[in-house]
Each structure stands twice: as C-alpha cells, then as structure tokens.
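Just below is one structure, and these are the notes that go with it.
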Amino acid sequence: MARPQPGGLGIRSPRVKAARQLGKRAFRERGRLFLAEGPQAVREALRQPGVVTELFVTGPGAARHRELTARAAGQGIAIHEVSGEIMAELAQTITPQGVLGVCRFVDVPLSGLLTETALGRNLQLVTVLANVRDPGNAGTVMRTSDAAGADGVIFAAASVDPYNSKCVRSSAGSLFHLPVVAGAALDEAIGGLRAAGLQVLAADGSASYFLDSPGGPDLTQPTAWLFGNEAWGLPDDLLALADGVVAVPIYGQAESLNLAAAAAVCLYASARQLRGRETS
C-alpha cells in the first residue's frame, strides 16, 4: 500500500517537472495524461480505479484530505507530499486546495458513445459543442449535462480541450461521470447521432422558433443539442446540419444568455419532457 512520501520531491524533480508540463495541451496529448485539481475532482477520479496514476498533496493537505489519500493508497497510487511552493507551481489556481491528481484520459471514441444502443441503452439526450472556446463555459456545460441526465458530451469542430485545467475544474467532477468524446468531426457526429435515432436541434438566438413556442420542437423525442461559439454562435453551414433551430426566449431586457445558461435551459427542457414521457 502506497504511503505519502514526505519532502522527497523538489522543484526540479522529474515527477514534478512531468506534472507541470501537463499544463500544456501538447504534453497532455503526448502522454494522454491530465491534472485534476482539488478534492472534488480527485474524489470523483478515484471512483474509477485505474484513472489516477499519482497524487500530490501538501503537508497540511495530507491530513485534511486523509480520506482521499487513504483511497489512493488502497489503489496502490504513488502519493507525493510536497511543499506549498511546489503545489503552487503545479496548480492552476491562485489558492491551491492542497491535493492534485495526475489522471489518464477518460474520453471515449464517437463510436463508443453511439454503440450504447447496441448495449441495450438507447441514447436519449446528448450535448454537442461546436467551436466552444471558453474552458469555463465548456466545463459548466459538462456539469449541467451530467445534472440533466445526458448520455454524453461531444467536443467537436475545434472546441476547447476538455482536459484544460479550467475546464476540468468547472466540470466539478462531471468529466468522470458521463461519456465525453473529444475532437470529433461535427458532420460525422451529427450523422451518427441521427442514425442512432436522435433529432439534432441547434440552439441559436436568431431562430424563428422559441423553446416554448406552440408548434416548436417535440422535446419528448431523443435529442442532441448543438451549441456554438460564445461570441458568434453557429454559422449557417453548421445550422444547416441540424433538424431544427431553436432560440431561448428572453422575457426581460437582457440581450442574451451566455452559453452555459442557454445550455442549461435547453437541456433541462428536454430532460423534463423525456422524463415525463417515461413516467406517463
């Protein structure tokens, strides 16, 4: 059983250097490793044996997060006790929380998500992100998708890396809860989702149909929601890939909702209708 290794790692340690490099996407992709920072992310990562490869904790953090270090030790994970200075070098936050895990990639191929139908579970609700660049927004949409009971999230068309540290933090552990597809071609993803029996609805403020309009989309049907870039939304060529385009109604004077808020409204509208259909 692994135990914390006090004071054994300096700032020039190969283990510390390798972990620091994971702040850059090129190194993450090369090693298929990323950083999960804070107790919530580490706790959820540890629920999947084999995901966490090593754990860094500060001296006080080792005591404060005894449950996490015990669980990591039980899985044979190397645990490194480091100084606050080194933790600050590793962490991507201003005030590190004293625990950080190095994790293996957890994304699945598009075919892995789509073949859930072959395993006896039909897809009902999927989130597709197209050209979403802000990691905080993307992570929040992952968290919302998880909360709404979505079957998966697809990062497509040059969207942000789901393993970006801010994206991981914003997901609040949801990265480890539901299938995530990274780097899918958008046309292939939409074609596969449609073949799996889902309608594809694009959320866009310029749409003539509103989410609550009479004669609007039938949200009792399995649905893949397509969300675009925070600044310019979805261009015409991507809107043309969808079966319908829907806007979130604005009842007050706000110009618009941000991406994460709009995604929450759309996903929960679908989840409510889908759950109502199952219980009726």
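Within each chain, counting starts at residue 1; across the structure tokens, chains are named A, B, ... in the order shown, with ligands numbered 1 upward in that order.
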
Counting only C-alpha atoms, which residues of stretch 95-145 of chain A fall within 12 Å of stretch 201-220 of chain A, and what is the closest atom pair for each with its distance in Å at one decimal, ordered by chain and rising number, as a Markdown table?
| residue | atom | partner | partner_atom | distance |
| --- | --- | --- | --- | --- |
| A:Gln124 | CA | A:Thr220 | CA | 9.4 |
| A:Leu125 | CA | A:Leu219 | CA | 10.0 |
| A:Val126 | CA | A:Leu201 | CA | 10.5 |
| A:Thr127 | CA | A:Leu201 | CA | 10.1 |
| A:Val128 | CA | A:Ala202 | CA | 9.3 |
| A:Leu129 | CA | A:Ala202 | CA | 10.3 |
| A:Ala130 | CA | A:Ala202 | CA | 10.3 |

Quiz prompt | For A:Ser159: contacts at 9 Å, only C-alpha atoms, fewer than 3 positions along chain excluded, given as a ChimeraX atom specification | solution = /A:129-134,138,155-156,162,182-183,229

Take the residues that were just selected and, keeping C-alpha atoms, output them as a tab-separated table (two decimals), in the first residue's frame.
chain	number	residue	atom	x	y	z
A	129	LEU	CA	-20.21	21.61	-28.50
A	130	ALA	CA	-19.08	23.23	-31.77
A	131	ASN	CA	-16.25	25.79	-31.67
A	132	VAL	CA	-16.76	26.41	-27.95
A	133	ARG	CA	-13.51	28.04	-26.85
A	134	ASP	CA	-14.02	29.14	-23.24
A	138	ALA	CA	-17.36	24.10	-21.60
A	155	PHE	CA	-16.45	18.24	-28.15
A	156	ALA	CA	-16.36	18.94	-31.90
A	162	PRO	CA	-11.84	19.02	-22.25
A	182	ALA	CA	-13.02	14.72	-27.75
A	183	GLY	CA	-12.14	16.09	-31.18
A	229	ASN	CA	-19.24	29.57	-30.03

Exercise. Extract, using only C-alpha atoms, all DNA, RNA and protein residues at most 8 Å from A:Asn137, discarding same-chain residues fewer than 2 positions from it, and format them as a ChimeraX atom specification.
Key: /A:132,134-135,139-141,167,170,259-260

Practice problem: List the neighbours of A:Val106 out to 10 Å using only C-alpha atoms; skip same-chain residues closer than 2 positions along the sequence, and give me the result as a list in words. | Solution: Arg32, Leu33, Phe34, Ala45, Gln48, Val51, Cys103, Arg104, Val108, Tyr163, Leu175, Phe176, His177, Leu178, Pro179, Val180, Val181 and Ala182 of chain A

Quiz item: At what distance in Å, to one decimal, does atom CA of A:Ile154 lie from atom CA of A:Ala269?
Solution: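 Computed distance, atom CA of A:Ala269 to atom CA of A:Ile154, equals 19.3 Å.
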
Exercise. Based on DSSP run over this structure's backbone, return all residues of stretch 1-223 of chain A in alpha helix (DSSP H), as a ChimeraX atom specification.
Key: /A:14-21,25-31,39-46,59-64,66-74,84-90,110-114,135-147,165-170,186-195

Quiz item: How many Å separate atom CA of A:Thr69 from atom CA of A:Glu89?
Solution: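 It comes out at 20.5 Å.
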
Self-check item: Nearest-residue call for A:Leu257, choices A:Gln273, A:Ser165, A:Gly233, A:Leu238, using only C-alpha atoms
Solution: A:Gly233

Practice problem: Determine the nearest neighbour of A:Pro39 from the options A:Leu113, A:Cys266, A:Leu68, A:Leu226, counting only C-alpha atoms. | Solution: A:Leu68
